[in-house]
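Note sheet for the following structure.
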Amino acid sequence: MTAADFAPGTAHVLTGYRPEDGFLAAELDPPPAEYVWHDENAEQQDRRYGPGVGYQQWLAVDARDGAVWFGDTDWRAPQESPGSRLPGIPRKALGDGAVPDPGIMVQLLGHLSHDEQRGCTWRFFDAGELHALAVGVLPAVQRLVDSIHRIGPEGELEWSAEAATAWDDIEHAATPAFDPSGELRWPRPRTTPVPAWRVEVDAFLAANPELCEPSWAVAPDAELDAYADYRPATGYGGVPGRTCHAAERHIEDGFTFYGHRAALYAYRARASGGRTPTDARTWLETTEAGRSTWEAARPPGATLADVPDYVLTDLTDRFQNSAREHGLVLTGLDTYLRNLRAGERAGVDQQLRFEGREVERLENLLKEFRAGRNRTLTRILAWSDGRSDAEIAGLASLPDEHVTQWRARLNDEQTTTPPAP
């Protein structure tokens with residue numbers, strides 16, 4: 001995949017949801033009027049509303065390619081989980097971070113109005129009216145798909161300040177109004193400037209460069225994602241919250257920050273000078289250039305377990321220089337090398353643990369054999385059968401002097417032992 005594969009599309013109403021298609025895909029099934037009512041005087045809660053009031057119509061927007069379409073829910077189905085009957089996630093349920101794949105968001109349409117004379121009334125829209133709405137929001141949808149952040153090789157979506165503002169305009173356009181005669185009037189499309197309280201993290205870092213961490217330049221995706229996902233118990237989260245917490249700086253209340261991951265990825269891209277960020281492990285282990293670089297740089301006669309920090313730093317520089325010749329910058333390289341060394345050292349620790357246990361086992365076994373030999377030696381010496389100390393020492397694999405001393409000690413014990421009564 002390339003960046004072009006995830007380039008913004010042109011906002012459009014899907015085929016099958018247009019008058020020229022005969023609205024073939026728009027199978028709307030609103031409840032009959034007699035199933036839609038509200039009785040505020042009903043004693044039982046389940047009798048205050050008719051079975052059709054849970055019916056909802058929706059407008060769907062694909063933030064990746066700008067497709068717009070509409071539909072409805074089954075008013076006969078249980079109302080506990082409407083989300084499972086929608087093509088995407090309502091914007092208000094998303095927050096201001098990542099947009100789950102495949103990037104389809106839903107605007108639920110309101111149908112209920114109330115006045116003193118008519119009370120509660122429900123107004124459902126036909127396919128032509130919903131098509132008019134879909135056409136009316138296309139400029140805002142185009143602004144959305146043009147400005148939403150697309151991150152990494154997969155083009156993952158993340159809200160931007162402008163994209164969030166564009167959705168506000170979509171929501172405004174999808175809030176119907178009725179003139180005194182009851183005729184439907186969709187609001188006029190608008191293009192709202194991004195308010196000052198919506199701040200891009202990239203702009204925040206540009207205004208506070210001292211808060212940027214040089215390690216971002218070679219950090220792997222997972223580390224950048226984890227940094228952007230900072231969530232404190234109180235105060236601001238994300239990149240501004242984490243950087244300011246580390247620097248003991250305070251951010252005034254009232255701002256909403258957008259594009260946390262996008263800002264970190266952009267910082268790394270700028271620091272890379274146009275080179276492609278590439279995972280160090282993947283390049284060194286799976287590519288011919290990487291394997292050649294690794295073999296050429298391997299410390300002669302030593303494993304990484306025996307390499308000090310300054311040698312790891314030198315290896316990092318050598319690998320980065322080699323990758324630079326291929327138009328790459330290696331991400332996570334320092335962590336990768338340190339993890340390799342830690343793994344090898346853990347293996348040496350395991351070897352020492354095994355050897356220590358073996359020595360302990362053999363020493364205990366030796367104690368048992370030594371005690372047995374001593375008992376046997378004592379027994380033979382007690383025979384006093386005329387054999388010399390040298391002859392007996394040869395049997396026991398002991399120095400002659402050791403047997404001589406042992407014999408003398410036994411003789412001393414016999415002379416000092418009192419006679420039995």
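Here's how to read the names in the structure tokens: chain A, B, ... by the order shown, residue numbers from 1 in each chain, ligand numbers from 1 in the order shown.
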
Practice item. Using DSSP on the backbone coordinates, identify all residues within range 194-395 of chain A classified as alpha helix (DSSP H); present the result as a ChimeraX atom specification. Key: /A:201-207,221-228,238-247,260-272,280-286,288-297,309-325,333-383,389-395

Give me, as CSV, the closest atom pair and its distance (Å, one decimal) for every residue of range 132-164 of chain A within a cut-off of 8 Å of range 54-74 of chain A, counting only C-alpha atoms, rows sorted by chain and rising number.
```
residue,atom,partner,partner_atom,distance
A:Ala134,CA,A:Val68,CA,6.4
A:Leu138,CA,A:Val68,CA,7.8
A:Val141,CA,A:Gly66,CA,6.2
A:Gln142,CA,A:Gly66,CA,6.4
A:Leu144,CA,A:Ala63,CA,6.9
A:Val145,CA,A:Ala63,CA,5.3
A:Ile148,CA,A:Ala63,CA,7.8
A:Leu157,CA,A:Arg64,CA,7.9
```

Practice item. Can you work out which one of A:Gly327, A:Gly22, A:Gly372, A:Pro308 has the shortest atom-to-atom distance to Ala342 in chain A, counting only C-alpha atoms? Key: A:Pro308

Each residue of range 300-367 of chain A with at least one atom at most 12 Å from range 251-272 of chain A should appear once, together with its nearest atom pair and the corresponding distance in Å (one decimal); atoms considered: only C-alpha atoms; ordering: chain, then increasing residue number; output as a Markdown table.
```
| residue | atom | partner | partner_atom | distance |
| --- | --- | --- | --- | --- |
| A:Gln320 | CA | A:Ser272 | CA | 11.0 |
| A:Ala323 | CA | A:Ser272 | CA | 11.5 |
| A:Arg324 | CA | A:Ser272 | CA | 9.5 |
| A:Gly327 | CA | A:Ser272 | CA | 9.5 |
| A:Leu328 | CA | A:Ser272 | CA | 8.1 |
| A:Val329 | CA | A:Ser272 | CA | 6.3 |
| A:Leu330 | CA | A:Ser272 | CA | 9.4 |
| A:Thr331 | CA | A:Arg268 | CA | 9.5 |
```

Exercise for review: Excluding Tyr227 in chain A and any residue of its chain fewer than 6 positions from it, enumerate the residues within 8 Å of it, using only C-alpha atoms, and give them as a list in words.
Suggested key: Gly238, Val239 and Arg242 of chain A

Check your understanding: When DSSP works through the backbone of this structure, what residues of range 301-405 of chain A end up as strand (DSSP E), shown as a ChimeraX atom specification?
Key -> /A:328-331

Output file for the residues above (N, CA, C and O atoms, as a compact mmCIF listing (two decimals), in the first residue's frame):
```txt
# COMPACT_ATOMS: atom_id res chain seq x y z
N LEU A 328 16.34 4.71 4.27
CA LEU A 328 15.53 4.31 5.41
C LEU A 328 16.05 4.94 6.69
O LEU A 328 17.21 5.35 6.79
N VAL A 329 15.19 5.00 7.68
CA VAL A 329 15.59 5.30 9.06
C VAL A 329 15.00 4.18 9.91
O VAL A 329 13.82 3.85 9.81
N LEU A 330 15.85 3.56 10.72
CA LEU A 330 15.42 2.42 11.53
C LEU A 330 14.76 2.89 12.82
O LEU A 330 15.34 3.68 13.57
N THR A 331 13.57 2.40 13.06
CA THR A 331 12.84 2.76 14.27
C THR A 331 12.96 1.64 15.30
O THR A 331 12.99 0.46 14.95
```

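Every protein or nucleic acid residue with an atom no more than 9 Å from Ala396 in chain A, counting only C-alpha atoms and leaving out same-chain residues fewer than 6 positions away, appears here: Arg373, Asn374, Leu377 and Val403 of chain A.
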
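The two atoms in question, CA of Arg370 in chain A and CA of Ala390 in chain A, are spaced 18.9 Å apart.
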
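CA of Ala203 in chain A is positioned 21.0 Å from CA of Val99 in chain A.
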
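Going from CA of Arg345 in chain A to CA of Gly290 in chain A covers 23.3 Å.
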
Shell around Trp406 in chain A at 12 Å using only C-alpha atoms, local window under 5 positions removed, as a compact mmCIF listing (two decimals) with C-alpha atoms, in the first residue's frame:
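For reference, part-v3.txt as written:
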```txt
# COMPACT_ATOMS: atom_id res chain seq x y z
CA ASN A 374 36.01 -42.97 55.13
CA ARG A 375 33.88 -45.67 56.69
CA LEU A 377 38.96 -47.02 55.14
CA THR A 378 38.32 -47.15 58.87
CA ARG A 379 37.07 -50.71 58.58
CA ILE A 380 40.12 -51.90 56.64
CA LEU A 381 42.56 -50.16 58.98
CA ALA A 382 40.85 -51.81 61.92
CA ASP A 389 49.66 -47.46 54.44
CA ILE A 392 45.77 -49.05 51.35
CA ALA A 393 46.17 -45.45 50.10
CA LEU A 398 44.51 -40.98 48.78
CA PRO A 399 48.03 -39.75 49.60
CA ASP A 400 50.01 -42.14 51.77
CA GLU A 401 50.33 -39.50 54.48
CA ASN A 411 45.07 -45.81 67.45
CA ASP A 412 44.73 -42.74 69.66
CA GLU A 413 40.97 -43.22 69.91
```

Exercise for review: Would you list the contacts of Pro187 in chain A as JSON, numbers by chain, taking every protein, DNA or RNA residue within 12 Å and counting only C-alpha atoms, but skipping same-chain residues closer than 2 positions in sequence?
Suggested key: {"A": [132, 133, 136, 137, 169, 170, 171, 172, 173, 174, 175, 176, 177, 178, 179, 184, 185, 189, 190]}

Practice item. With a distance cut-off of 9 Å and only C-alpha atoms, select the neighbouring residues of Arg143 in chain A, excluding the residue or stretch itself and same-chain residues fewer than 5 positions from it, and output the selection as a PyMOL selection string. Key: chain A and resi 11+138+148+162-163+166-167+191

Selected residues written out, N, CA and C atoms, as a JSON list (two decimals), in the first residue's frame:
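Once everything was written out, this is result.json:
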```json
[["chain", "number", "residue", "atom", "x", "y", "z"],
["A", 11, "ALA", "N", -16.46, 13.63, -2.25],
["A", 11, "ALA", "CA", -17.74, 13.40, -1.59],
["A", 11, "ALA", "C", -18.83, 13.13, -2.63],
["A", 138, "LEU", "N", -22.71, 17.42, 1.26],
["A", 138, "LEU", "CA", -21.51, 17.04, 0.52],
["A", 138, "LEU", "C", -20.34, 18.00, 0.69],
["A", 148, "ILE", "N", -9.27, 15.12, 7.67],
["A", 148, "ILE", "CA", -9.08, 14.12, 8.71],
["A", 148, "ILE", "C", -7.69, 13.51, 8.56],
["A", 162, "GLU", "N", -10.12, 20.51, 12.17],
["A", 162, "GLU", "CA", -10.97, 20.93, 11.07],
["A", 162, "GLU", "C", -12.01, 19.86, 10.74],
["A", 163, "ALA", "N", -11.62, 18.59, 10.79],
["A", 163, "ALA", "CA", -12.57, 17.52, 10.51],
["A", 163, "ALA", "C", -13.70, 17.51, 11.53],
["A", 166, "ALA", "N", -15.96, 20.27, 10.67],
["A", 166, "ALA", "CA", -16.77, 19.91, 9.51],
["A", 166, "ALA", "C", -17.92, 19.00, 9.92],
["A", 167, "TRP", "N", -17.69, 18.10, 10.86],
["A", 167, "TRP", "CA", -18.79, 17.25, 11.30],
["A", 167, "TRP", "C", -19.85, 18.06, 12.03],
["A", 191, "THR", "N", -20.02, 26.72, 6.46],
["A", 191, "THR", "CA", -18.62, 26.34, 6.63],
["A", 191, "THR", "C", -18.08, 27.13, 7.82]]
```

**Study point:** Closest of A:Gln350, A:Thr293, A:Thr282, A:Thr303 to Tyr336 in chain A - atom-to-atom distances counting only C-alpha atoms
**Key:**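 Nearest to Tyr336 in chain A: A:Thr282.
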